[in-house]
Protein chains: 2
Amino acid sequence: MEQPPTRERLVAATADLFRVSGYNATSVKEIVERAGAPFGSMYHHFPGGKEELGAAAITSSGLAYGELIDLFFGDDVEDLVAATSGFFAGAAWTLTESAYADACPIATVALEVASTNDDLRLAAAAVFDGWIERAAARMVQHGIAERDAPGLARVIIMLLEGAFLLCRTQRSTRALEDAGRAAAAEVERLLAAEGGSHLS
Amino acid sequence: MEQPPTRERLVAATADLFRVSGYNATSVKEIVERAGAPFGSMYHHFPGGKEELGAAAITSSGLAYGELIDLFFGDDVEDLVAATSGFFAGAAWTLTESAYADACPIATVALEVASTNDDLRLAAAAVFDGWIERAAARMVQHGIAERDAPGLARVIIMLLEGAFLLCRTQRSTRALEDAGRAAAAEVERLLAAEGGSHLS
DNA sequence: GGGACTCTAGAGCGTTCACTCTAGAGCACT
DNA sequence: AGTGCTCTAGAGTGAACGCTCTAGAGTCCC
């Protein structure tokens with residue numbers, strides 16, 4: 001049975017635990033146990049300790065979840081409004097399937113460290129930037145004006161993050177449904193604005 | 001120099017620390033030091049320990065911040081769209097004034113405990129419910145259809161929470177500006193829908 | 001097959017954690 | 001003045017924390 005190298009198993013285990021419990025509630029002991037790695041190996045691969053491993057986990061899961069943007073807003077999308085609704089519906093499905101655990105991989109950590117640890121804060125900021133850039137490019141590809149795309153991308157991410165917060169604490173997907181409707185409406189509005197701007 | 005009783009000082013200190021650092025990074029020692037209370041007093045007033053005190057802090061700061069909804073969407077509001085923009089602008093002002101520390105008092109804690117502590121999770125859920133109910137009532141008062149109001153209230157809260165997350169990790173108010181614009185547009189859309197529904 | 005290097009392995013370190021415990025101060029009522 | 005109750009006060013406890021340290025296993029090149 002082949003398995004990924006220790007370093008990658010450590011990062012994956014950390015990312016998993018961060019998603020559910022955040023940074024401070026995740027202990028190094030828990031991480032190495034889940035990764036099936038000895039304690040010493042962790043400090044061999046990450047001399048910077050928990051913080052360095054945490055930064056790697058943020059970056060890694062940020063990249064992995066970023067793929068979902070290309071999945072839902074890919075080249076084959078014809079109706080951007082429907083794709084937006086589908087994006088939020090997919091999030092709701094994943095959330096319920098995981099008993100309200102699998103939402104944003106970095107939001108909890110990002111809030112925990114926002115005022116207390118600049119290295120981790122910047123790692124999270126880079127992930128958000130990457131998502132926004134990626135989503136904005138897809139918006140433009142599907143008919144949104146260049147000038148509106150970054151703002152729209154940000155609004156979609158914000159609605160998703162806000163919905164995850166409400167859904168996880170309330171154990172309900174209602175917020176994600178409302179967020180999906182609002183996001184779709186905003187996309188529709190900006191598509192119409194772009195189409196209409198040709199007339200003025 | 002009169003000062004509030006010990007119990008209230010403990011709750012206030014806890015709420016302050018939760019807002020900046022969340023639940024797990026806030027130690028009991030830190031709380032009693034900031035409150036200027038002896039260690040034993042804390043366990044006299046809150047026999048349930050850190051968890052009981054945490055729940056009280058969530059409820060207390062939830063009520064305090066809920067007042068802001070009535071402040072920004074009060075009886076004297078004439079233009080709901082402008083009031084919505086003002087709400088987000090106010091949040092941005094507070095955020096920058098506090099060096100990106102004073103955002104949502106319970107979001108960090110809510111995410112930390114969402115999958116690990118049901119008592120605290122439910123305390124946070126009650127706060128969010130209260131905010132949404134309060135905001136929905138104000139929306140109806142200012143011309144939003146009863147059927148649309150809870151969803152709109154939820155969207156406003158989600159945009160605010162998502163924006164706080166982005167703004168705090170990116171040290172920029174851009175997300176709050178985009179969120180304010182999107183929220184105002186959504187309010188405008190639903191006001192028009194309600195106005196238009198009289199014709200059909 | 002010997003040496004160098006990477007990685008595994010886990011016992012042990014000092015610190016901090018949430019919490020318990022006992023003692024006494026302050027105050028109200030009699 | 002004495003009794004009973006609320007609240008203050010902080011030293012002390014066992015457990016868990018992140019991390020360091022030394023030792024040995026595995027692997028590749030010469």
# chains A, B, ... in the order shown; residues from 1 in each chain; ligands from 1
$ closest_atom_pairs --of "chain B" --to "chain C" --cutoff "8 Å" --atoms "only C-alpha atoms (C1' of nucleotides)" --output "tab-separated table"
residue	atom	partner	partner_atom	distance
B:Ser27	CA	C:DC17	C1'	7.7
B:Val28	CA	C:DA18	C1'	7.3
B:Gly49	CA	C:DC19	C1'	7.9
B:Lys50	CA	C:DA18	C1'	7.7
$ write_last_selection --atoms "N, CA and C atoms" --output "PDB file, in the first residue's frame"
ATOM      1  N   SER B  27      -7.192  32.954  27.729  1.00  0.00           N
ATOM      2  CA  SER B  27      -7.043  32.163  28.950  1.00  0.00           C
ATOM      3  C   SER B  27      -7.836  32.795  30.093  1.00  0.00           C
ATOM      4  N   VAL B  28      -8.209  31.952  31.039  1.00  0.00           N
ATOM      5  CA  VAL B  28      -8.968  32.423  32.193  1.00  0.00           C
ATOM      6  C   VAL B  28      -8.138  33.437  32.996  1.00  0.00           C
ATOM      7  N   GLY B  49     -17.337  27.444  34.885  1.00  0.00           N
ATOM      8  CA  GLY B  49     -16.006  27.753  34.386  1.00  0.00           C
ATOM      9  C   GLY B  49     -15.988  28.555  33.102  1.00  0.00           C
ATOM     10  N   LYS B  50     -14.925  28.366  32.351  1.00  0.00           N
ATOM     11  CA  LYS B  50     -14.706  29.153  31.141  1.00  0.00           C
ATOM     12  C   LYS B  50     -15.866  29.036  30.155  1.00  0.00           C
TER      13      LYS B  50
END
$ select_by_dssp --residues "range 37-193 of chain B" --states "alpha helix (DSSP H)" --output "ChimeraX atom specification"
/B:39-45,49-72,80-97,107-113,118-141,149-170,174-193
$ interface_residues --of "chain D" --to "chain A" --cutoff "8 Å" --atoms "only C-alpha atoms (C1' of nucleotides)" --output "list in words"
DC17, DG18 and DC19 of chain D
$ write_last_selection --atoms "C-alpha atoms (C1' of nucleotides)" --output "PDB file, in the first residue's frame"
ATOM      1  C1'  DC D  17       0.791  22.200  25.764  1.00  0.00           C
ATOM      2  C1'  DG D  18       4.744  23.135  22.126  1.00  0.00           C
ATOM      3  C1'  DC D  19       9.165  21.957  21.676  1.00  0.00           C
TER       4       DC D  19
END
$ atom_distance --atom1 "CA of Phe88 in chain B" --atom2 "CA of Ala123 in chain A"
26.1 Å
$ interface_residues --of "chain B" --to "chain A" --cutoff "6 Å" --atoms "only C-alpha atoms" --output "list in words"
Ser21, Gly22, Asn24, Thr108, Leu111, Glu112, Ala114, Arg121, Ala125, Gly151, Met158, Leu159, Glu161, Gly162, Ala163, Arg168, Thr169, Gln170 and Asp178 of chain B
$ write_last_selection --atoms "N, CA and C atoms" --output "mmCIF file, in the first residue's frame"
data_model
loop_
_atom_site.group_PDB
_atom_site.id
_atom_site.type_symbol
_atom_site.label_atom_id
_atom_site.label_comp_id
_atom_site.auth_asym_id
_atom_site.auth_seq_id
_atom_site.Cartn_x
_atom_site.Cartn_y
_atom_site.Cartn_z
ATOM 1 N N SER B 21 -9.239 37.578 19.933
ATOM 2 C CA SER B 21 -8.464 36.335 19.887
ATOM 3 C C SER B 21 -9.284 35.064 19.810
ATOM 4 N N GLY B 22 -10.582 35.157 19.997
ATOM 5 C CA GLY B 22 -11.397 33.951 19.976
ATOM 6 C C GLY B 22 -11.411 33.233 21.309
ATOM 7 N N ASN B 24 -10.326 29.821 22.219
ATOM 8 C CA ASN B 24 -9.233 28.971 22.680
ATOM 9 C C ASN B 24 -7.967 29.745 23.055
ATOM 10 N N THR B 108 -15.486 34.599 15.403
ATOM 11 C CA THR B 108 -14.334 33.723 15.641
ATOM 12 C C THR B 108 -14.720 32.565 16.560
ATOM 13 N N LEU B 111 -17.075 29.956 14.896
ATOM 14 C CA LEU B 111 -16.416 28.980 14.019
ATOM 15 C C LEU B 111 -15.571 27.998 14.824
ATOM 16 N N GLU B 112 -14.919 28.492 15.866
ATOM 17 C CA GLU B 112 -14.076 27.603 16.671
ATOM 18 C C GLU B 112 -14.891 26.474 17.297
ATOM 19 N N ALA B 114 -18.070 25.492 16.429
ATOM 20 C CA ALA B 114 -19.204 25.007 15.619
ATOM 21 C C ALA B 114 -19.311 23.483 15.606
ATOM 22 N N ARG B 121 -22.024 26.791 20.718
ATOM 23 C CA ARG B 121 -22.573 26.905 19.369
ATOM 24 C C ARG B 121 -24.008 27.431 19.428
ATOM 25 N N ALA B 125 -25.700 30.745 17.897
ATOM 26 C CA ALA B 125 -26.829 30.632 16.972
ATOM 27 C C ALA B 125 -27.974 31.540 17.411
ATOM 28 N N GLY B 151 -34.842 36.687 4.383
ATOM 29 C CA GLY B 151 -33.760 36.373 3.459
ATOM 30 C C GLY B 151 -32.835 37.558 3.245
ATOM 31 N N MET B 158 -24.675 38.075 6.269
ATOM 32 C CA MET B 158 -23.638 37.251 5.627
ATOM 33 C C MET B 158 -22.606 38.118 4.929
ATOM 34 N N LEU B 159 -23.063 39.136 4.214
ATOM 35 C CA LEU B 159 -22.107 40.025 3.545
ATOM 36 C C LEU B 159 -21.222 40.716 4.573
ATOM 37 N N GLU B 161 -20.417 39.627 7.636
ATOM 38 C CA GLU B 161 -19.497 38.660 8.245
ATOM 39 C C GLU B 161 -18.401 38.260 7.265
ATOM 40 N N GLY B 162 -18.775 38.023 6.029
ATOM 41 C CA GLY B 162 -17.779 37.678 5.020
ATOM 42 C C GLY B 162 -16.800 38.818 4.806
ATOM 43 N N ALA B 163 -17.331 40.028 4.814
ATOM 44 C CA ALA B 163 -16.467 41.192 4.625
ATOM 45 C C ALA B 163 -15.509 41.352 5.800
ATOM 46 N N ARG B 168 -10.276 41.761 7.781
ATOM 47 C CA ARG B 168 -9.339 41.552 8.888
ATOM 48 C C ARG B 168 -8.093 40.810 8.413
ATOM 49 N N THR B 169 -8.262 39.834 7.524
ATOM 50 C CA THR B 169 -7.057 39.103 7.118
ATOM 51 C C THR B 169 -6.270 39.887 6.067
ATOM 52 N N GLN B 170 -6.931 40.744 5.305
ATOM 53 C CA GLN B 170 -6.210 41.472 4.261
ATOM 54 C C GLN B 170 -5.830 42.882 4.676
ATOM 55 N N ASP B 178 -17.248 46.758 -1.216
ATOM 56 C CA ASP B 178 -17.959 45.932 -2.196
ATOM 57 C C ASP B 178 -19.228 45.333 -1.587
#
$ residues_around --residues "Glu51 in chain A" --least-positions-apart "5" --cutoff "10 Å" --atoms "only C-alpha atoms (C1' of nucleotides)" --output "count of residues only"
7
$ atom_distance --atom1 "CA of Val81 in chain A" --atom2 "CA of Val187 in chain A"
6.1 Å
$ atom_distance --atom1 "CA of Ile31 in chain A" --atom2 "CA of Val11 in chain A"
8.8 Å
$ closest_residue --among "A:Ala136, A:Leu80, A:Gly86, A:Gly62" --to "Ala149 in chain A" --atoms "only C-alpha atoms"
A:Ala136
$ decode --residues "range 172-196 of chain A" --atoms "N, CA and C atoms" --output "PDB file, in the first residue's frame"
ATOM      1  N   SER A 172     -28.121  24.535   9.670  1.00  0.00           N
ATOM      2  CA  SER A 172     -29.175  24.676   8.672  1.00  0.00           C
ATOM      3  C   SER A 172     -28.542  25.190   7.388  1.00  0.00           C
ATOM      4  N   THR A 173     -29.083  24.807   6.245  1.00  0.00           N
ATOM      5  CA  THR A 173     -28.519  25.302   4.982  1.00  0.00           C
ATOM      6  C   THR A 173     -29.285  26.503   4.441  1.00  0.00           C
ATOM      7  N   ARG A 174     -30.223  26.980   5.226  1.00  0.00           N
ATOM      8  CA  ARG A 174     -31.041  28.100   4.741  1.00  0.00           C
ATOM      9  C   ARG A 174     -30.198  29.292   4.313  1.00  0.00           C
ATOM     10  N   ALA A 175     -29.197  29.630   5.107  1.00  0.00           N
ATOM     11  CA  ALA A 175     -28.363  30.787   4.784  1.00  0.00           C
ATOM     12  C   ALA A 175     -27.668  30.593   3.438  1.00  0.00           C
ATOM     13  N   LEU A 176     -27.211  29.385   3.155  1.00  0.00           N
ATOM     14  CA  LEU A 176     -26.554  29.133   1.864  1.00  0.00           C
ATOM     15  C   LEU A 176     -27.546  29.282   0.716  1.00  0.00           C
ATOM     16  N   GLU A 177     -28.787  28.905   0.965  1.00  0.00           N
ATOM     17  CA  GLU A 177     -29.795  29.078  -0.085  1.00  0.00           C
ATOM     18  C   GLU A 177     -30.044  30.558  -0.359  1.00  0.00           C
ATOM     19  N   ASP A 178     -30.205  31.334   0.689  1.00  0.00           N
ATOM     20  CA  ASP A 178     -30.390  32.777   0.519  1.00  0.00           C
ATOM     21  C   ASP A 178     -29.176  33.409  -0.155  1.00  0.00           C
ATOM     22  N   ALA A 179     -27.987  32.973   0.270  1.00  0.00           N
ATOM     23  CA  ALA A 179     -26.760  33.518  -0.311  1.00  0.00           C
ATOM     24  C   ALA A 179     -26.691  33.192  -1.803  1.00  0.00           C
ATOM     25  N   GLY A 180     -27.043  31.969  -2.161  1.00  0.00           N
ATOM     26  CA  GLY A 180     -27.029  31.571  -3.569  1.00  0.00           C
ATOM     27  C   GLY A 180     -27.986  32.414  -4.404  1.00  0.00           C
ATOM     28  N   ARG A 181     -29.168  32.647  -3.857  1.00  0.00           N
ATOM     29  CA  ARG A 181     -30.135  33.490  -4.578  1.00  0.00           C
ATOM     30  C   ARG A 181     -29.606  34.907  -4.756  1.00  0.00           C
ATOM     31  N   ALA A 182     -29.055  35.469  -3.684  1.00  0.00           N
ATOM     32  CA  ALA A 182     -28.545  36.837  -3.761  1.00  0.00           C
ATOM     33  C   ALA A 182     -27.370  36.933  -4.731  1.00  0.00           C
ATOM     34  N   ALA A 183     -26.490  35.943  -4.693  1.00  0.00           N
ATOM     35  CA  ALA A 183     -25.337  35.954  -5.594  1.00  0.00           C
ATOM     36  C   ALA A 183     -25.792  35.865  -7.046  1.00  0.00           C
ATOM     37  N   ALA A 184     -26.755  34.978  -7.298  1.00  0.00           N
ATOM     38  CA  ALA A 184     -27.275  34.842  -8.662  1.00  0.00           C
ATOM     39  C   ALA A 184     -27.906  36.146  -9.135  1.00  0.00           C
ATOM     40  N   ALA A 185     -28.632  36.800  -8.239  1.00  0.00           N
ATOM     41  CA  ALA A 185     -29.270  38.068  -8.602  1.00  0.00           C
ATOM     42  C   ALA A 185     -28.231  39.134  -8.934  1.00  0.00           C
ATOM     43  N   GLU A 186     -27.151  39.136  -8.154  1.00  0.00           N
ATOM     44  CA  GLU A 186     -26.093  40.126  -8.396  1.00  0.00           C
ATOM     45  C   GLU A 186     -25.398  39.860  -9.736  1.00  0.00           C
ATOM     46  N   VAL A 187     -25.163  38.593 -10.027  1.00  0.00           N
ATOM     47  CA  VAL A 187     -24.571  38.237 -11.320  1.00  0.00           C
ATOM     48  C   VAL A 187     -25.481  38.692 -12.461  1.00  0.00           C
ATOM     49  N   GLU A 188     -26.747  38.425 -12.309  1.00  0.00           N
ATOM     50  CA  GLU A 188     -27.731  38.806 -13.333  1.00  0.00           C
ATOM     51  C   GLU A 188     -27.733  40.326 -13.539  1.00  0.00           C
ATOM     52  N   ARG A 189     -27.704  41.045 -12.431  1.00  0.00           N
ATOM     53  CA  ARG A 189     -27.706  42.505 -12.499  1.00  0.00           C
ATOM     54  C   ARG A 189     -26.487  43.025 -13.262  1.00  0.00           C
ATOM     55  N   LEU A 190     -25.318  42.456 -12.973  1.00  0.00           N
ATOM     56  CA  LEU A 190     -24.093  42.943 -13.604  1.00  0.00           C
ATOM     57  C   LEU A 190     -23.993  42.489 -15.060  1.00  0.00           C
ATOM     58  N   LEU A 191     -24.550  41.324 -15.354  1.00  0.00           N
ATOM     59  CA  LEU A 191     -24.607  40.902 -16.762  1.00  0.00           C
ATOM     60  C   LEU A 191     -25.485  41.856 -17.555  1.00  0.00           C
ATOM     61  N   ALA A 192     -26.615  42.239 -16.978  1.00  0.00           N
ATOM     62  CA  ALA A 192     -27.533  43.160 -17.656  1.00  0.00           C
ATOM     63  C   ALA A 192     -26.894  44.533 -17.806  1.00  0.00           C
ATOM     64  N   ALA A 193     -26.173  44.964 -16.784  1.00  0.00           N
ATOM     65  CA  ALA A 193     -25.515  46.269 -16.829  1.00  0.00           C
ATOM     66  C   ALA A 193     -24.498  46.314 -17.964  1.00  0.00           C
ATOM     67  N   GLU A 194     -23.746  45.221 -18.097  1.00  0.00           N
ATOM     68  CA  GLU A 194     -22.741  45.138 -19.168  1.00  0.00           C
ATOM     69  C   GLU A 194     -23.424  45.152 -20.524  1.00  0.00           C
ATOM     70  N   GLY A 195     -24.471  44.317 -20.686  1.00  0.00           N
ATOM     71  CA  GLY A 195     -25.215  44.289 -21.935  1.00  0.00           C
ATOM     72  C   GLY A 195     -25.808  45.657 -22.233  1.00  0.00           C
ATOM     73  N   GLY A 196     -26.357  46.298 -21.185  1.00  0.00           N
ATOM     74  CA  GLY A 196     -27.019  47.592 -21.363  1.00  0.00           C
ATOM     75  C   GLY A 196     -26.038  48.709 -21.637  1.00  0.00           C
TER      76      GLY A 196
END
